[in-house]
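data-v3.cif follows (mmCIF, C-alpha atoms and all ligand atoms):
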```cif
data_coords
loop_
_atom_site.group_PDB
_atom_site.id
_atom_site.type_symbol
_atom_site.label_atom_id
_atom_site.label_comp_id
_atom_site.auth_asym_id
_atom_site.auth_seq_id
_atom_site.Cartn_x
_atom_site.Cartn_y
_atom_site.Cartn_z
ATOM 1 C CA MET U 1 -17.433 76.721 -254.665
ATOM 2 C CA PHE U 2 -14.692 76.162 -252.120
ATOM 3 C CA LYS U 3 -15.909 75.625 -248.596
ATOM 4 C CA LYS U 4 -13.387 75.641 -245.781
ATOM 5 C CA LEU U 5 -13.212 72.575 -243.571
ATOM 6 C CA ASN U 6 -13.845 72.686 -239.880
ATOM 7 C CA ILE U 7 -10.520 71.472 -238.474
ATOM 8 C CA LEU U 8 -10.558 70.579 -234.791
ATOM 9 C CA ASP U 9 -8.088 72.152 -232.424
ATOM 10 C CA GLU U 10 -5.614 70.079 -230.403
ATOM 11 C CA LYS U 11 -7.692 70.636 -227.246
ATOM 12 C CA ASP U 12 -10.590 68.649 -228.718
ATOM 13 C CA PRO U 13 -10.786 65.185 -227.078
ATOM 14 C CA MET U 14 -11.506 63.648 -230.505
ATOM 15 C CA LEU U 15 -7.831 64.118 -231.351
ATOM 16 C CA ARG U 16 -6.821 61.824 -228.496
ATOM 17 C CA LYS U 17 -9.095 58.942 -229.466
ATOM 18 C CA LYS U 18 -7.956 55.855 -231.291
ATOM 19 C CA SER U 19 -9.781 55.762 -234.612
ATOM 20 C CA ILE U 20 -11.593 52.705 -235.879
ATOM 21 C CA PRO U 21 -11.056 51.023 -239.259
ATOM 22 C CA ALA U 22 -13.228 52.307 -242.099
ATOM 23 C CA THR U 23 -15.497 49.864 -243.925
ATOM 24 C CA PHE U 24 -16.372 49.737 -247.615
ATOM 25 C CA PRO U 25 -18.108 51.100 -249.494
ATOM 26 C CA LEU U 26 -17.255 54.477 -248.043
ATOM 27 C CA SER U 27 -20.216 56.737 -247.392
ATOM 28 C CA LYS U 28 -20.893 59.717 -249.623
ATOM 29 C CA GLU U 29 -20.114 61.898 -246.624
ATOM 30 C CA ASP U 30 -16.668 60.325 -246.178
ATOM 31 C CA LYS U 31 -15.912 60.697 -249.879
ATOM 32 C CA ASN U 32 -16.910 64.361 -249.742
ATOM 33 C CA LEU U 33 -14.705 64.884 -246.725
ATOM 34 C CA ILE U 34 -11.759 63.287 -248.528
ATOM 35 C CA GLN U 35 -12.284 65.567 -251.525
ATOM 36 C CA GLY U 36 -12.646 68.555 -249.199
ATOM 37 C CA ALA U 37 -9.333 67.692 -247.557
ATOM 38 C CA ILE U 38 -7.589 67.360 -250.930
ATOM 39 C CA ASP U 39 -8.942 70.726 -252.057
ATOM 40 C CA GLU U 40 -8.056 72.545 -248.871
ATOM 41 C CA LEU U 41 -4.551 71.072 -248.598
ATOM 42 C CA THR U 42 -3.878 71.907 -252.247
ATOM 43 C CA TYR U 43 -5.125 75.484 -251.945
ATOM 44 C CA SER U 44 -3.217 75.939 -248.706
ATOM 45 C CA GLN U 45 0.029 75.292 -250.582
ATOM 46 C CA ILE U 46 -0.715 77.773 -253.368
ATOM 47 C CA GLU U 47 0.060 81.246 -252.042
ATOM 48 C CA GLU U 48 -2.659 83.043 -253.963
ATOM 49 C CA TYR U 49 -5.417 80.774 -252.615
ATOM 50 C CA ALA U 50 -3.896 80.463 -249.156
ATOM 51 C CA GLU U 51 -4.179 84.245 -248.837
ATOM 52 C CA LYS U 52 -7.589 84.479 -250.399
ATOM 53 C CA TYR U 53 -9.113 81.808 -248.158
ATOM 54 C CA HIS U 54 -6.902 82.442 -245.099
ATOM 55 C CA LEU U 55 -5.435 78.945 -245.086
ATOM 56 C CA ARG U 56 -2.396 77.899 -243.115
ATOM 57 C CA PRO U 57 -0.165 75.768 -245.363
ATOM 58 C CA GLY U 58 -0.423 72.076 -244.620
ATOM 59 C CA MET U 59 0.287 68.839 -246.458
ATOM 60 C CA GLY U 60 -1.774 66.341 -244.529
ATOM 61 C CA LEU U 61 -4.995 65.761 -242.647
ATOM 62 C CA ALA U 62 -6.373 62.781 -240.791
ATOM 63 C CA PHE U 63 -10.079 62.142 -240.276
ATOM 64 C CA PRO U 64 -10.055 62.688 -236.505
ATOM 65 C CA GLN U 65 -9.014 66.284 -237.207
ATOM 66 C CA LEU U 66 -12.265 66.610 -239.135
ATOM 67 C CA GLY U 67 -14.305 65.194 -236.287
ATOM 68 C CA LYS U 68 -14.530 61.590 -237.491
ATOM 69 C CA ASN U 69 -12.689 58.806 -235.763
ATOM 70 C CA LYS U 70 -12.146 56.703 -238.854
ATOM 71 C CA ARG U 71 -8.776 55.502 -240.092
ATOM 72 C CA ILE U 72 -8.469 57.691 -243.176
ATOM 73 C CA ILE U 73 -5.610 60.042 -244.072
ATOM 74 C CA VAL U 74 -5.036 62.479 -246.914
ATOM 75 C CA ILE U 75 -1.643 63.842 -247.967
ATOM 76 C CA VAL U 76 -1.127 66.408 -250.721
ATOM 77 C CA TYR U 77 2.532 66.517 -251.568
ATOM 78 C CA GLU U 78 4.033 69.195 -253.771
ATOM 79 C CA VAL U 79 6.508 67.362 -256.011
ATOM 80 C CA GLU U 80 7.506 70.504 -257.838
ATOM 81 C CA GLU U 81 6.103 73.984 -257.879
ATOM 82 C CA GLY U 82 2.378 73.774 -258.553
ATOM 83 C CA ILE U 83 2.417 69.999 -259.127
ATOM 84 C CA PHE U 84 0.783 67.930 -256.417
ATOM 85 C CA ASP U 85 0.531 64.216 -255.719
ATOM 86 C CA ASN U 86 -2.458 63.139 -253.669
ATOM 87 C CA TYR U 87 -2.288 60.195 -251.309
ATOM 88 C CA VAL U 88 -5.555 58.946 -249.876
ATOM 89 C CA PHE U 89 -5.057 55.951 -247.607
ATOM 90 C CA ILE U 90 -7.870 54.100 -245.907
ATOM 91 C CA ASN U 91 -6.810 51.983 -242.916
ATOM 92 C CA PRO U 92 -3.096 52.698 -243.509
ATOM 93 C CA LYS U 93 -0.418 50.596 -241.848
ATOM 94 C CA ILE U 94 3.345 50.965 -241.838
ATOM 95 C CA ILE U 95 4.494 47.512 -242.895
ATOM 96 C CA SER U 96 8.216 48.236 -242.924
ATOM 97 C CA ASN U 97 10.583 51.005 -241.999
ATOM 98 C CA SER U 98 14.203 51.990 -242.324
ATOM 99 C CA GLU U 99 16.578 51.675 -239.447
ATOM 100 C CA GLU U 100 17.656 55.246 -240.120
ATOM 101 C CA MET U 101 15.814 58.034 -238.379
ATOM 102 C CA VAL U 102 15.482 61.639 -239.511
ATOM 103 C CA ALA U 103 13.796 64.752 -238.191
ATOM 104 C CA ALA U 104 12.434 67.847 -239.849
ATOM 105 C CA GLU U 105 14.999 70.494 -239.017
ATOM 106 C CA ALA U 106 12.409 73.236 -238.563
ATOM 107 C CA GLY U 107 10.176 70.958 -236.500
ATOM 108 C CA GLU U 108 6.742 69.751 -237.523
ATOM 109 C CA GLY U 109 3.486 71.611 -237.777
ATOM 110 C CA CYS U 110 -0.092 70.465 -237.637
ATOM 111 C CA LEU U 111 -3.281 72.134 -238.788
ATOM 112 C CA SER U 112 -4.811 71.295 -235.395
ATOM 113 C CA VAL U 113 -1.969 72.895 -233.455
ATOM 114 C CA ASN U 114 -2.333 76.643 -233.683
ATOM 115 C CA ARG U 115 0.860 77.580 -231.945
ATOM 116 C CA GLU U 116 4.560 77.204 -232.470
ATOM 117 C CA VAL U 117 5.975 74.010 -230.918
ATOM 118 C CA GLU U 118 9.743 73.744 -231.061
ATOM 119 C CA GLY U 119 11.711 70.527 -231.128
ATOM 120 C CA HIS U 120 12.808 67.698 -233.380
ATOM 121 C CA VAL U 121 10.449 64.784 -233.918
ATOM 122 C CA PRO U 122 12.368 61.564 -234.624
ATOM 123 C CA ARG U 123 10.862 59.699 -237.589
ATOM 124 C CA TYR U 124 11.838 56.802 -239.813
ATOM 125 C CA ALA U 125 13.629 58.063 -242.909
ATOM 126 C CA ARG U 126 11.725 55.603 -245.111
ATOM 127 C CA VAL U 127 8.504 53.709 -244.632
ATOM 128 C CA THR U 128 6.355 51.391 -246.687
ATOM 129 C CA VAL U 129 2.678 52.026 -246.101
ATOM 130 C CA GLU U 130 -0.120 49.675 -247.050
ATOM 131 C CA GLY U 131 -3.804 50.446 -247.073
ATOM 132 C CA PHE U 132 -6.808 50.788 -249.347
ATOM 133 C CA ASP U 133 -7.930 53.371 -251.855
ATOM 134 C CA GLU U 134 -11.410 54.891 -251.802
ATOM 135 C CA ASP U 135 -12.830 51.954 -253.731
ATOM 136 C CA GLY U 136 -11.363 49.362 -251.399
ATOM 137 C CA ASN U 137 -8.458 48.298 -253.599
ATOM 138 C CA LYS U 138 -5.266 47.435 -251.784
ATOM 139 C CA ILE U 139 -2.539 50.045 -252.284
ATOM 140 C CA ARG U 140 1.036 50.419 -251.170
ATOM 141 C CA CYS U 141 3.446 53.339 -251.107
ATOM 142 C CA ARG U 142 7.126 53.563 -250.404
ATOM 143 C CA ALA U 143 7.796 56.981 -248.967
ATOM 144 C CA ARG U 144 11.013 58.666 -248.001
ATOM 145 C CA GLU U 145 12.186 61.843 -246.357
ATOM 146 C CA ASP U 146 9.486 64.505 -245.885
ATOM 147 C CA LEU U 147 6.773 62.327 -247.435
ATOM 148 C CA ALA U 148 7.699 59.541 -245.014
ATOM 149 C CA ILE U 149 7.432 62.039 -242.154
ATOM 150 C CA ALA U 150 3.999 63.105 -243.387
ATOM 151 C CA PHE U 151 2.738 59.511 -243.427
ATOM 152 C CA GLN U 152 4.005 58.889 -239.908
ATOM 153 C CA HIS U 153 2.518 62.167 -238.652
ATOM 154 C CA GLU U 154 -0.905 61.411 -240.156
ATOM 155 C CA ILE U 155 -1.004 57.770 -239.072
ATOM 156 C CA ASP U 156 -0.146 58.931 -235.540
ATOM 157 C CA HIS U 157 -3.340 61.022 -235.590
ATOM 158 C CA LEU U 158 -5.328 57.807 -236.067
ATOM 159 C CA ASP U 159 -3.900 56.568 -232.786
ATOM 160 C CA GLY U 160 -4.524 59.802 -230.911
ATOM 161 C CA ILE U 161 -0.876 60.848 -231.033
ATOM 162 C CA LEU U 162 0.180 64.440 -231.740
ATOM 163 C CA PHE U 163 3.642 65.231 -233.082
ATOM 164 C CA TYR U 164 4.852 66.936 -229.939
ATOM 165 C CA ASP U 165 4.193 63.778 -227.900
ATOM 166 C CA ARG U 166 7.299 62.459 -229.632
ATOM 167 C CA ILE U 167 9.533 65.380 -228.691
ATOM 168 C CA ASP U 168 11.694 64.428 -225.737
ATOM 169 C CA PRO U 169 11.192 67.188 -223.148
ATOM 170 C CA ASN U 170 14.632 66.454 -221.728
ATOM 171 C CA LYS U 171 16.271 66.697 -225.127
ATOM 172 C CA PRO U 172 14.047 68.457 -227.644
ATOM 173 C CA PHE U 173 16.805 69.093 -230.189
ATOM 174 C CA PHE U 174 19.313 66.877 -231.923
ATOM 175 C CA THR U 175 22.600 67.891 -233.477
ATOM 176 C CA GLU U 176 23.547 66.895 -237.020
ATOM 177 C CA MET U 177 25.857 64.327 -235.447
ATOM 178 C CA GLU U 178 23.008 62.631 -233.624
ATOM 179 C CA MET U 179 20.314 62.731 -236.256
ATOM 180 C CA ARG U 180 20.023 63.556 -239.933
ATOM 181 C CA LEU U 181 17.994 66.758 -240.076
ATOM 182 C CA ILE U 182 16.054 67.401 -243.255
HETATM 183 NI NI NI T 1 -1.333 66.948 -237.808
#
```
Structure rendered as structure tokens:
Amino acid sequence: MFKKLNILDEKDPMLRKKSIPATFPLSKEDKNLIQGAIDELTYSQIEEYAEKYHLRPGMGLAFPQLGKNKRIIVIVYEVEEGIFDNYVFINPKIISNSEEMVAAEAGEGCLSVNREVEGHVPRYARVTVEGFDEDGNKIRCRAREDLAIAFQHEIDHLDGILFYDRIDPNKPFFTEMEMRLI
């Protein structure tokens, strides 16, 4: 049976803490939380389930949002309609990035931020992320465009950073000339 996660709101001080590296083997509780995040993010992107369970669509969650300050992120990325790739990264690190920056044209959202925040968040267009899978094996992913944004957004959570911290209050929007908007 599907049980909804308890996702902390942006006002919770947990979201501003720097998370600590996870150690292996992962606890049963952590593994359950990872699976819970995969399930909820997947359902949230399928209209029928999103309505049924009252889920706001989201593609990523980081452990601090679930009340645990461990460096674990989960991304569920819809590659084509109804087909999802799951990325579970333990202790993720961006080991290289493109010079080019992009921003999501419509702005970013976050399952912990229950309000509309306008503005462009500058992100690397491409990143290579290294980390570990649930069994402690080293893994690496080269991500681009919206998947690259998702990785950067989730890894920021592990450092207590929320997406709107990166919006320049003096210049919240870029033009197409200044930044590639995707
Ligand atoms: Ni978020």
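Using all atoms listed in the file, residues with at least one atom at most 7 Å away from any atom of ligand NI 1 (chain T) are Gly60, Leu61, Gly109, Cys110, Leu111, Ser112, His153, Glu154, His157 and Leu162 of chain U.
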Item checked: Residue contacts of segment 6-14 of chain U (7 Å, all atoms listed in the file) excluding same-chain residues fewer than 5 positions away, as a PyMOL selection string -> chain U and resi 64-67+112-113
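Residue nearest Ala62 of chain U within the list U:Gln45, U:Asn91, U:Asn114, U:Ser96: U:Asn91 [criterion: smallest interatomic distance, only C-alpha atoms].
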Notebook entry, point to check: Quick one: distance from atom CA of Val127 of chain U to atom CA of Gly36 of chain U in Å, one decimal?
Noted result: 26.2 Å
Next item on the list: Apply the PyMOL selection byres (((chain U and resi 30) around 12) and not hetatm) to the structure shown and report the selected residues as a ChimeraX atom specification.
Entry: /U:22-29,31-37,62-64,66-74,88,90,134-135
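Counting only C-alpha atoms and comparing U:Leu181, U:Phe151, U:Gly107, U:Glu99, the residue that lies closest to Met59 of chain U is U:Phe151.
Closest to Glu176 of chain U among U:Glu105, U:Ile38, U:Arg16, U:His54 is U:Glu105, based on only C-alpha atoms.
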Check: For the file shown, what are the residues hit by the PyMOL selection byres (((chain U and resi 119) around 12) and not hetatm), laid out as a PyMOL selection string?
Finding: chain U and resi 103-109+116-118+120-122+163-175+181
Next item on the list: Can you work out the spacing between atom CA of Asp146 of chain U and atom CA of Val102 of chain U in Å, to one decimal?
Entry: 9.2 Å
Mind telling me what the PyMOL selection byres (((chain U and resi 44) around 9) and not hetatm) catches here, as a short mmCIF file (atom, residue, chain, number, x, y, z; two decimals) with C-alpha atoms, in the coordinates of the input?
```cif
data_model
loop_
_atom_site.label_atom_id
_atom_site.label_comp_id
_atom_site.auth_asym_id
_atom_site.auth_seq_id
_atom_site.Cartn_x
_atom_site.Cartn_y
_atom_site.Cartn_z
CA ASP U 39 -8.94 70.73 -252.06
CA GLU U 40 -8.06 72.54 -248.87
CA LEU U 41 -4.55 71.07 -248.60
CA THR U 42 -3.88 71.91 -252.25
CA TYR U 43 -5.12 75.48 -251.94
CA GLN U 45 0.03 75.29 -250.58
CA ILE U 46 -0.72 77.77 -253.37
CA GLU U 47 0.06 81.25 -252.04
CA GLU U 48 -2.66 83.04 -253.96
CA TYR U 49 -5.42 80.77 -252.62
CA ALA U 50 -3.90 80.46 -249.16
CA GLU U 51 -4.18 84.24 -248.84
CA TYR U 53 -9.11 81.81 -248.16
CA HIS U 54 -6.90 82.44 -245.10
CA LEU U 55 -5.44 78.94 -245.09
CA ARG U 56 -2.40 77.90 -243.12
CA PRO U 57 -0.16 75.77 -245.36
CA GLY U 58 -0.42 72.08 -244.62
CA MET U 59 0.29 68.84 -246.46
#
```
Notebook entry, point to check: Can you tell me how far atom CA of Gly131 of chain U sits from atom CA of Lys93 of chain U, in Å to one decimal?
Noted result: 6.2 Å
Emit as lines of an AutoDock Vina configuration file the padded axis-aligned box for all listed atoms of segment 20-37 of chain U, 6 Å per side, with centre and edge lengths in Å to one decimal.
```
center_x = -15.1
center_y = 59.1
center_z = -243.7
size_x = 23.6
size_y = 30.8
size_z = 27.6
```
Note to self: When you count only C-alpha atoms, which of these residues is closest to Leu147 of chain U: U:Phe132, U:Phe84, U:Tyr77, U:Tyr124?
What the structure shows: U:Tyr77
Check: Counting all atoms listed in the file, which of U:Asp133, U:Ser98, U:Gly82, U:Lys17 gets nearest to Ala148 of chain U?
Finding: U:Ser98
Take segment 87-104 of chain U, model N, CA, C and O atoms, and hand the result over as a PDB file, in the frame of the given file.
```pdb
ATOM      1  N   TYR U  87      -2.302  61.533-251.895  1.00  0.00           N
ATOM      2  CA  TYR U  87      -2.288  60.195-251.309  1.00  0.00           C
ATOM      3  C   TYR U  87      -3.487  60.083-250.373  1.00  0.00           C
ATOM      4  O   TYR U  87      -3.568  60.800-249.378  1.00  0.00           O
ATOM      5  N   VAL U  88      -4.411  59.226-250.744  1.00  0.00           N
ATOM      6  CA  VAL U  88      -5.555  58.946-249.876  1.00  0.00           C
ATOM      7  C   VAL U  88      -5.407  57.508-249.428  1.00  0.00           C
ATOM      8  O   VAL U  88      -5.403  56.592-250.243  1.00  0.00           O
ATOM      9  N   PHE U  89      -5.232  57.299-248.139  1.00  0.00           N
ATOM     10  CA  PHE U  89      -5.057  55.951-247.607  1.00  0.00           C
ATOM     11  C   PHE U  89      -6.138  55.651-246.577  1.00  0.00           C
ATOM     12  O   PHE U  89      -6.313  56.378-245.613  1.00  0.00           O
ATOM     13  N   ILE U  90      -6.859  54.572-246.848  1.00  0.00           N
ATOM     14  CA  ILE U  90      -7.870  54.100-245.907  1.00  0.00           C
ATOM     15  C   ILE U  90      -7.244  52.954-245.115  1.00  0.00           C
ATOM     16  O   ILE U  90      -6.620  52.067-245.705  1.00  0.00           O
ATOM     17  N   ASN U  91      -7.385  52.993-243.816  1.00  0.00           N
ATOM     18  CA  ASN U  91      -6.810  51.983-242.916  1.00  0.00           C
ATOM     19  C   ASN U  91      -5.314  51.758-243.176  1.00  0.00           C
ATOM     20  O   ASN U  91      -4.867  50.621-243.376  1.00  0.00           O
ATOM     21  N   PRO U  92      -4.524  52.825-243.195  1.00  0.00           N
ATOM     22  CA  PRO U  92      -3.096  52.698-243.509  1.00  0.00           C
ATOM     23  C   PRO U  92      -2.320  52.006-242.385  1.00  0.00           C
ATOM     24  O   PRO U  92      -2.665  52.152-241.213  1.00  0.00           O
ATOM     25  N   LYS U  93      -1.307  51.259-242.808  1.00  0.00           N
ATOM     26  CA  LYS U  93      -0.418  50.596-241.848  1.00  0.00           C
ATOM     27  C   LYS U  93       1.011  50.704-242.359  1.00  0.00           C
ATOM     28  O   LYS U  93       1.251  50.515-243.554  1.00  0.00           O
ATOM     29  N   ILE U  94       1.929  50.992-241.472  1.00  0.00           N
ATOM     30  CA  ILE U  94       3.345  50.965-241.838  1.00  0.00           C
ATOM     31  C   ILE U  94       3.787  49.507-241.752  1.00  0.00           C
ATOM     32  O   ILE U  94       3.762  48.919-240.673  1.00  0.00           O
ATOM     33  N   ILE U  95       4.142  48.935-242.913  1.00  0.00           N
ATOM     34  CA  ILE U  95       4.494  47.512-242.895  1.00  0.00           C
ATOM     35  C   ILE U  95       6.002  47.297-242.827  1.00  0.00           C
ATOM     36  O   ILE U  95       6.457  46.214-242.496  1.00  0.00           O
ATOM     37  N   SER U  96       6.781  48.332-243.174  1.00  0.00           N
ATOM     38  CA  SER U  96       8.216  48.236-242.924  1.00  0.00           C
ATOM     39  C   SER U  96       8.810  49.631-242.834  1.00  0.00           C
ATOM     40  O   SER U  96       8.228  50.599-243.328  1.00  0.00           O
ATOM     41  N   ASN U  97       9.930  49.707-242.169  1.00  0.00           N
ATOM     42  CA  ASN U  97      10.583  51.005-241.999  1.00  0.00           C
ATOM     43  C   ASN U  97      12.090  50.869-242.002  1.00  0.00           C
ATOM     44  O   ASN U  97      12.624  49.800-241.705  1.00  0.00           O
ATOM     45  N   SER U  98      12.746  51.965-242.332  1.00  0.00           N
ATOM     46  CA  SER U  98      14.203  51.990-242.324  1.00  0.00           C
ATOM     47  C   SER U  98      14.691  51.980-240.881  1.00  0.00           C
ATOM     48  O   SER U  98      13.966  52.347-239.961  1.00  0.00           O
ATOM     49  N   GLU U  99      15.924  51.563-240.749  1.00  0.00           N
ATOM     50  CA  GLU U  99      16.578  51.675-239.447  1.00  0.00           C
ATOM     51  C   GLU U  99      16.860  53.154-239.174  1.00  0.00           C
ATOM     52  O   GLU U  99      16.699  53.644-238.067  1.00  0.00           O
ATOM     53  N   GLU U 100      17.244  53.846-240.255  1.00  0.00           N
ATOM     54  CA  GLU U 100      17.656  55.246-240.120  1.00  0.00           C
ATOM     55  C   GLU U 100      16.492  56.134-239.705  1.00  0.00           C
ATOM     56  O   GLU U 100      15.378  56.002-240.195  1.00  0.00           O
ATOM     57  N   MET U 101      16.800  57.047-238.803  1.00  0.00           N
ATOM     58  CA  MET U 101      15.814  58.034-238.379  1.00  0.00           C
ATOM     59  C   MET U 101      16.221  59.409-238.920  1.00  0.00           C
ATOM     60  O   MET U 101      17.403  59.673-239.141  1.00  0.00           O
ATOM     61  N   VAL U 102      15.227  60.254-239.119  1.00  0.00           N
ATOM     62  CA  VAL U 102      15.482  61.639-239.511  1.00  0.00           C
ATOM     63  C   VAL U 102      14.526  62.528-238.694  1.00  0.00           C
ATOM     64  O   VAL U 102      13.608  62.029-238.048  1.00  0.00           O
ATOM     65  N   ALA U 103      14.756  63.817-238.785  1.00  0.00           N
ATOM     66  CA  ALA U 103      13.796  64.752-238.191  1.00  0.00           C
ATOM     67  C   ALA U 103      13.735  65.983-239.065  1.00  0.00           C
ATOM     68  O   ALA U 103      14.725  66.343-239.708  1.00  0.00           O
ATOM     69  N   ALA U 104      12.567  66.588-239.116  1.00  0.00           N
ATOM     70  CA  ALA U 104      12.434  67.847-239.849  1.00  0.00           C
ATOM     71  C   ALA U 104      13.183  68.912-239.056  1.00  0.00           C
ATOM     72  O   ALA U 104      12.916  69.115-237.867  1.00  0.00           O
TER      73      ALA U 104
END
```
